[in-house]
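This report concerns only the one structure given below.
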2 protein chains.
Amino acid sequence: MKARTMPQRTTPKRVYLFGTGQSDGAAHMKELLGGKGANLAEMASLGLPVPPGFTITTEVCTAYYANGRSLPDGLKEDVEAALAEVGKAVGATFGDIKSPLLVSVRSGARASMPGMMDTILNLGLNDETVKGLAAKSGNARFAYDSYRRFIQMYADVVLEVDHGIFEDILDNHKNLNGHSLDTDLQADDWLAVIDEYKEAVASETGKPFPQSTSEQLWGAIGAVFGSWQNARANTYRRLHGIPDNWGTAVNVQAMVFGNLGEASATGVAFTRNPSTGARELYGEFLVNAQGEDVVAGIRTPQPLTDKARKQSGEKAPSLEALMPKTFAELTGIFSKLESRYRDMQDIEFTIQEGRLWMLQTRSGKRTTEAALRIAADLCAEGVISREEAVMRIDANALDQLLHPTIDPAAEKHVVATGLPASPGAASGEIVFDADEAEKLKGLGKEVILVRVETSPEDIHGMHAAAGILTTRGGMTSHAAVVARGMGRPCVCGAGALRIDYQAGTLTVGGETFRKGDVITIDGGKGEVLKGRVKMRQPELSGDFARIMAWADEARVLGVRANADTPREAKQARDFGAEGIGLCRTEHMFFDESRILAMREMICADDEAGRRRALAKMLPMQRADFEDLFEIMAGLPVTIRLLDPPLHEFLPHEAREAEAVAKALNVPLDKLKARVSELHEFNPMLGFRGCRLAIRYPEITEMQARAIFEGAVNAAKRTGKPVVPEVMIPLVAYRAEFDLLRDVIVKVAEAVRRETGAELTYQIGTMIELPRAALKAAEIAGGEGGAEFFSFGTNDLTQTCLGLSRDDAAPILANYMERAIFEVDPFVSIDQEGVGELVRIGTERGRKVRPGLKVGICGEHGGDPDSVDFCHRTGLDYVSCSAFRVPVARLAAGQAAIRAKSAGL
Amino acid sequence: MKARTMPQRTTPKRVYLFGTGQSDGAAHMKELLGGKGANLAEMASLGLPVPPGFTITTEVCTAYYANGRSLPDGLKEDVEAALAEVGKAVGATFGDIKSPLLVSVRSGARASMPGMMDTILNLGLNDETVKGLAAKSGNARFAYDSYRRFIQMYADVVLEVDHGIFEDILDNHKNLNGHSLDTDLQADDWLAVIDEYKEAVASETGKPFPQSTSEQLWGAIGAVFGSWQNARANTYRRLHGIPDNWGTAVNVQAMVFGNLGEASATGVAFTRNPSTGARELYGEFLVNAQGEDVVAGIRTPQPLTDKARKQSGEKAPSLEALMPKTFAELTGIFSKLESRYRDMQDIEFTIQEGRLWMLQTRSGKRTTEAALRIAADLCAEGVISREEAVMRIDANALDQLLHPTIDPAAEKHVVATGLPASPGAASGEIVFDADEAEKLKGLGKEVILVRVETSPEDIHGMHAAAGILTTRGGMTSHAAVVARGMGRPCVCGAGALRIDYQAGTLTVGGETFRKGDVITIDGGKGEVLKGRVKMRQPELSGDFARIMAWADEARVLGVRANADTPREAKQARDFGAEGIGLCRTEHMFFDESRILAMREMICADDEAGRRRALAKMLPMQRADFEDLFEIMAGLPVTIRLLDPPLHEFLPHEAREAEAVAKALNVPLDKLKARVSELHEFNPMLGFRGCRLAIRYPEITEMQARAIFEGAVNAAKRTGKPVVPEVMIPLVAYRAEFDLLRDVIVKVAEAVRRETGAELTYQIGTMIELPRAALKAAEIAGGEGGAEFFSFGTNDLTQTCLGLSRDDAAPILANYMERAIFEVDPFVSIDQEGVGELVRIGTERGRKVRPGLKVGICGEHGGDPDSVDFCHRTGLDYVSCSAFRVPVARLAAGQAAIRAKSAGL
């Protein structure tokens with residue numbers, strides 16, 4: 001069946017030549033030729049020195065799988081013809097004893113992908129051709145070294161012989177013969193090693209090492225295609241959402257040798273500094289070496305430039321000094337490639353007896369800092385436009401730059417080091433338990449969650465913690481992955497620390513820290529520090545500010561922040577938030593000094609009792625709002641009325657209950673009865689949101705009064721008009737909205753009368769239930785309808801998918817593993833399901849109320865893909881946590897540019 | 001603003017005459033004239049003797065409210081003109097001293113509505129006109145009696161004087177003058193009473209009783225309109241979903257008097273027996289009485305016919321005997337009305353000095369039994385069609401007939417009586433606690449929940465109980481209302497019973513029943529019986545069977561049953577179910593003998609351990625399915641794979657946990673750890689449905705094997721092919737469906753190989769999450785897509801509305817009270833919200849898979865309004881509990897007829 005889905009051409013071209021005088025491919029043909037093949041063809045077309053070769057297309061790979069892992073008819077002939085062309089170009093013949101053509105075989109997918117077969121060098125050597133190579137090069141040592149390398153690679157990759165066997169043979173040989181370095185070995189040594197290698201292959205595989213160069217070639221091609229679906233590649237594709245049917249190409253290319261003596265070399269280079277982004281050549285090379293030697297780290301590579309040599313204090317000469325002519329040629333090629341590709345390039349080259357050959361070019365990986373600088377510089381250089389500069393930055397990666405870091409001037413006492421698993425620094429009280437972390441956070445404390453390792457059950461605690469520290473696990477441990485996802489600083493695998501959960505202690509050396517002691521972690525360096533250490537807040541300046549400004553120029557979406565406290569609000573403004581999209585009023589009542597009044601309200605016998613308690617809460621809440629309005633100075637502030645189930649405010653443990661009963665002066669039994677009365681099986685779907693206010697409208701009265709009085713006061717103080725947006729949560733029926741709107745409007749009228757102040761405000765609702773999205777027209781329509789919508793995509797995801805966020809961790813893990821989810825739907829919005837509800841809600845709402853202001857305030861508001869979705873759906877703004885505001889600004893700019901270039 | 005919504009005619013006719021020789025109205029004008037006014041006009045048009053009068057339209061009422069409770073200009077003139085016409089017809093003049101026209105003023109809405117002002121009689125009497133009436137009638141006693149009645153009614157209804165005051169005055173007068181009956185009072189007595197009445201009015205209202213007959217009339221008209229929006233009427237409208245803007249009409253009609261001596265009388269009649277439906281005159285009358293005397297019950301009314309008199313043993317003569325000519329005239333009118341209205345009529349009449357007057361006719365209320373008989377008879381008589389007969393039955397009321405009743409031949413020992421709050425009889429073990437009721441039901445026991453009274457917290461226990469018994473509360477107590485809604489037999493307010501919750505006992509007289517003792521309740525009679533009493537299962541025969549057959553002829557929707565046990569399956573077939581739409585496989589494992597294997601599976605360390613436990617469960621489950629397949633003998637059976645969260649199967653109490661740990665032979669700590677591991681914050685949105693099977697595919701393997709092996713065995717035994725429908729629950733993503741479909745298909749292939757049997761089956765899914773409805777095309781599309789959909793509207797309601805069924809009770813109560821909900825969305829489907837998801841899912845599914853079989857299996861499947869919705873949405877079938885199957889059949893027939901007559 002699958003075969004039918006393959007494009008059927010009458011004469012599908014399967015093999016693309018390059019560097020033979022003819023170059024069939026080009027840079028834009030990545031889908032067909034893979035990244036490597038397309039770029040080799042492009043370089044050859046530019047007239048750069050590329051060893052000739054050819055690319056077998058990705059379509060052949062797809063056909064290979066469609067036909068039960070067999071290669072299509074006619075491919076053999078195509079490859080042989082191409083091989084002949086290559087041989088002609090270099091003056092050698094594949095399999096020829098006198099002048100053998102040697103080739104490399106490399107995989108080449110559209111995107112580079114770990115796990116796939118990478119490279120086989122020197123293919124075409126056998127017991128006979130090696131002699132020809134020795135004679136032709138006049139360098140027997142080189143020839144036999146090349147042969148043994150080939151056997152080793154081929155056996156490992158194609159024949160799947162454990163590469164340790166070859167290392168053992170070589171070590172053994174060196175020991176027996178008193179050699180310490182590979183370079184000590186001479187031709188005879190290699191010959192002896194080769195014999196042993198071949199014996200090992202025969203005994204491991206039951207067959208002699210293939211002497212047929214054709215068998216070698218087809219074995220290597222088959223291995224490349226086969227590796228497309230090995231376990232590691234499959235996992236990578238699943239995790240990164242790469243379709244199985246993309247396939248990989250195979251590149252076969254004439255060998256050039258950097259190991260033909262002192263006039264030969266091999267190296268890698270970046271056209272700019274990938275760490276800082278500075279406009280300077282950056283790279284290293286080795287004289288008389290083949291490619292893998294640079295990476296292997298056996299010899300120390302030398303810097304390319306004199307400047308770099310001086311900076312690093314390296315003694316060996318730079319390429320600039322050693323081979324000035326070649327260096328100049330290389331510099332020229334770098335400029336050519338940068339102006340062709342309009343981006344920093346990551347390049348591999350080889351110098352064979354003084355002649356330069358280009359083996360690869362691609363856009364280079366870089367740090368976020370470098371990405372910003374390179375994009376800004378390229379724009380300044382006139383190479384790319386502002387919009388292109390904006391598109392060059394990975395919005396998700398931006399997050400790294402936005403966290404507080406340890407002040408370099410601060411005194412610090414490092415007690416242990418671990419892995420720098422997630423950037424940023426954080427201070428807080430030590431807590432050993434996720435539940436407790438959440439509880440303390442609820443009480444307004446900053447905590448560092450300290451665990452031997454974390455598991456999905458700890459997610460809520462990790463979320464609550466300012467930082468995470470583990471004593472076990474690496475950069476991809478659960479703690480590391482999750483912390484990076486959440487933007488929480490994290491130090492992993494700090495093995496010197498000993499945790500005693502029972503005693504509640506953390507011991508290192510002779511020092512013991514207890515639960516509640518304050519520590520600081522530096523997730524960028526992997527350090528654990530004693531006490532609270534002075535931090536430096538991230539600053540938006542230079543290239544960062546420039547790119548953000550360009551993103552702002554492009555973007556259409558507004559960006560607001562979710563902020564409940566003055567600190568968060570200030571942070572949000574610093575990061576460029578254009579208002580508060582979600583202020584959760586209940587967070588203000590978890591504070592120890594306030595929760596008592598809240599509890600008194602909840603436990604009151606009647607409305608009069610509730611009103612007494614609410615009267616105590618009014619001045620606190622008014623002051624909260626006043627502060628926020630002042631900080632936002634005229635920018636819009638959306639305030640959500642009380643939302644969570646009331647039982648969240650009550651004590652659930654016996655000991656705590658006693659204390660609370662005493663403080664409230666109510667009998668313990670009564671308190672317990674109220675707790676049990678408010679208990680729910682599914683609190684997420686229970687007595688919360690507007691349902692609370694419909695039962696107890698006096699709560700809304702108090703909150704509305706606090707909002708309006710706060711607005712009047714703040715406007716007086718700042719002289720800027722405050723237009724609060726009052727948001728009613730969890731509405732599903734227009735009648736719910738109407739009932740509470742009436743309460744709010746009456747309070748507004750009363751405050752107007754009492755203060756004589758002008759009072760402008762809007763009343764809107766969160767759309768966080770599927771019904772609300774479907775009934776958007778009813779909710780927004782006519783007089784007294786909702787004046788704005790804010791999609792609460794956290795809850796909308798929970799209800800649309802029927803998946804409780806608090807309980808999702810084990811299900812998500814299983815679903816990721818089974819490839820049902822490509823991405824956590826709580827991190828990036830489920831565009832097809834939840835997204836359709838957002839689209840429906842927006843369309844229907846705007847139909848009855850043109851220009852209805854529509855935003856999103858779930859955590860998705862800071863996720864670039866979700867921001868792109870919001871742009872395409874025509875929302876007015878996204879709102880996210882303060883630290884994600886720059887991410888959202890950039891993503892929103894990118895979304896606008898993307899849509900424009902797609903002609904939308 | 002509201003006024004604009006009123007229809008604006010240039011000359012809106014506001015007053016409609018009847019019986020004046022001219023009748024402006026007709027029966028079909030109920031919206032404008034109200035039911036009473038339209039029917040009076042209709043009777044007059046038919047030539048029946050109707051006292052002349054006129055109707056002020058409902059539009060005037062709407063205008064009255066739109067204009068701030070003031071009557072529209074020009075109405076006065078219209079009414080005066082009409083009044084003159086009426087006077088002309090009867091030879092009297094309103095307010096005339098010699099020949100005064102007296103009128104009644106009555107409200108008349110489209111549907112009769114408790115709480116509204118009903119009737120004022122004798123209006124037009126004052127201190128002068130009463131003398132004219134006395135002279136004209138030659139009956140001073142009659143005239144003054146009429147006047148005092150008028151004062152009493154008018155003061156009560158229009159002037160809002162407490163009616164107790166008048167009763168006190170009258171009692172006082174009787175006591176002082178040695179009278180015991182009203183009939184003992186003579187003209188002078190009444191004159192004295194009238195003086196006292198007028199004094200009372202003056203002192204209570206500060207104004208004299210109005211002597212202006214015009215003021216009287218407009219006072220009465222205003223009172224009728226005003227009563228449209230009194231509290232009781234508003235509540236009634238809210239509860240019954242009657243729009244506020246319907247308004248009421250006012251009927252003003254010339255008085256006729258049944259109290260003008262022995263040749264006068266007043267009575268009520270039904271054209272058939274409203275209790276049994278038998279074709280016989282049914283009614284009663286009083287000689288020399290005014291309307292309210294019949295209802296007041298001071299004198300015993302006499303039967304209309306001789307036959308009825310004989311049957312009741314009444315001594316007073318029948319109307320048939322007393323006034324044979326008038327009786328014959330009445331009989332003739334009854335036939336005329338039945339053939340005009342084509343239904344049993346409920347009639348009010350008055351005989352004034354030998355002359356018959358018709359005061360009201362309307363379709364009469366009747367029992368469900370009577371409704372069936374009347375509809376069947378009218379059809380047999382050729383009066384109505386089969387379709388009309390089907391439409392005449394209230395599908396909801398049918399339920400009453402379907403419950404088991406006590407066998408009349410059974411020996412029974414009544415220990416107490418209470419109110420017959422909900423029909424049907426039930427036996428079971430006494431249980432005093434809702435949680436325990438649920439638990440025991442889970443263990444397969446039948447229980448009677450016994451409470452002093454019930455509250456929303458008991459709902460789950462009431463659901464679990466076979467019957468409910470309370471010692472306090474009336475016919476509208478919580479227990480009564482909820483039990484009727486659930487179709488559970490219920491006896492309320494059995495005050496002789498004493499409950500001791502602590503001791504777990506129920507005491508009556510000297511007898512004590514303990515928790516676990518078996519009792520029987522008869523909810524139709526209100527009896528509490530000792531032990532288990534023999535019951536008679538309801539039978540479908542006679543009129544019932546006839547009407548059901550006609551409904552089946554009309555209906556398009558299939559009707560299946562939700563059945564998990566052979567008993568339920570048999571019951572369902574008896575009630576006409578066409579298959580099983582939902583078999584919940586997990587219910588089979590709550591049985592004590594089986595739950596251990598389930599728990600072993602849940603607590604297993606690995607897949608091997610789970611498979612060992614599953615192997616024990618396989619034969620049990622296979623036997624279950626075999627039985628169901630056999631009973632359904634070739635009809636479709638939809639089996640849902642394991643759905644509930646696993647922790648539901650584990651013990652939650654310490655004592656129970658110990659016993660289970662021992663039985664499972666696992667350490668208690670391990671069991672506890674597993675319980676806590678499976679704990680969830682929102683189990684409804686957690687690890688359940690297909691999520692279980694994706695984590696543990698071996699569960700699905702076992703269930704699929706049990707289904708297919710059971711199907712093969714049952715087919716062999718019955719010789720009828722079994723086509724099981726395997727239903728995967730809680731799917732939201734196509735990938736979930738695919739993964740489990742693969743598992744099921746593989747098992748089917750294995751069973752086919754092993755047994756050599758043909759095996760036909762379908763694999764489909766429940767659509768119970770909003771995402772599933774939205775992504776229906778993806779889930780059903782292409783090869784391997786879902787072959788059927790069954791909407792799980794219980795869960796779909798929970799997720800669409802964000803409302804947990806288990807936690808909804810207090811929210812629902814509050815929302816009903818505040819008129820946000822007209823009806824419990826778990827009882828009748830929320831057509832606009834949840835219903836849109838059903839529509840979307842159906843449309844999108846059928847678009848990619850034409851003819852996709854679509855059903856519904858939530859409890860809504862047995863609710864007539866929801867069934868109607870399902871018909872309109874084009875579903876293939878509904879599935880509901882066995883006892884609701886006839887309701888669904890009837891409702892489905894009605895839905896089809898309704899759609900047809902609407903031209904759909």
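Following the order of the structure tokens, first chain is A, next is B, and so on, with residues numbered from 1 inside each chain and ligands from 1 in the order they appear.
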In segment 403-501 of chain B, DSSP alpha helix (DSSP H) residues written as number ranges by chain: B: 434-442, 459-464, 478-486
Counting only C-alpha atoms, chain B residues within 8 Å of chain A, as a ChimeraX atom specification: /B:680-687,691,695,732-733,735-736,769-771,774-775,798-804,806-808,811,814,820,832-834,836
Shell around Gly764 of chain B at 6 Å using only C-alpha atoms, local window under 2 positions removed, as a VMD selection string: chain B and resid 727 786 to 789
Close residues, Ala899 of chain B itself excluded, 9 Å, only C-alpha atoms, min 5 positions apart in chain, as number ranges by chain: B: 868, 871-872, 894, 904
Selection from above, N, CA, C and O atoms, as a PDB file, in the first residue's frame, can you write it?
```pdb
ATOM      1  N   ASP B 868     -35.372  13.136  21.144  1.00  0.00           N
ATOM      2  CA  ASP B 868     -35.809  13.983  20.037  1.00  0.00           C
ATOM      3  C   ASP B 868     -34.601  14.656  19.375  1.00  0.00           C
ATOM      4  O   ASP B 868     -34.475  14.690  18.149  1.00  0.00           O
ATOM      5  N   HIS B 871     -32.793  12.183  17.249  1.00  0.00           N
ATOM      6  CA  HIS B 871     -33.464  11.974  15.971  1.00  0.00           C
ATOM      7  C   HIS B 871     -33.136  13.098  14.994  1.00  0.00           C
ATOM      8  O   HIS B 871     -32.761  12.857  13.853  1.00  0.00           O
ATOM      9  N   ARG B 872     -33.260  14.315  15.483  1.00  0.00           N
ATOM     10  CA  ARG B 872     -33.025  15.457  14.593  1.00  0.00           C
ATOM     11  C   ARG B 872     -31.583  15.493  14.111  1.00  0.00           C
ATOM     12  O   ARG B 872     -31.282  15.987  13.031  1.00  0.00           O
ATOM     13  N   GLN B 894     -42.263   9.565  18.618  1.00  0.00           N
ATOM     14  CA  GLN B 894     -42.776  10.937  18.644  1.00  0.00           C
ATOM     15  C   GLN B 894     -41.850  11.884  17.891  1.00  0.00           C
ATOM     16  O   GLN B 894     -42.294  12.775  17.173  1.00  0.00           O
ATOM     17  N   LEU B 904     -39.720  18.045   8.025  1.00  0.00           N
ATOM     18  CA  LEU B 904     -38.275  17.750   7.973  1.00  0.00           C
ATOM     19  C   LEU B 904     -38.025  16.368   7.358  1.00  0.00           C
ATOM     20  O   LEU B 904     -38.829  15.481   7.464  1.00  0.00           O
TER      21      LEU B 904
END
```
Residues within 9 Å of segment 340-345 of chain B, only C-alpha atoms, excluding chain neighbours under 3 positions, as a list in words: Ala27, Leu46, Ala269, Phe270, Thr271, Arg272, Asn273, Pro274, Gly277, Phe334, Ser335, Lys336, Leu337, Thr361, Arg362, Ser363, Gly364, Lys365, Ile374, Ala375, Leu378, Val383 and Ile384 of chain B
Point-to-point distance from atom CA of Ala38 of chain A to atom CA of Pro100 of chain A, Å rounded to tenths: 26.5 Å
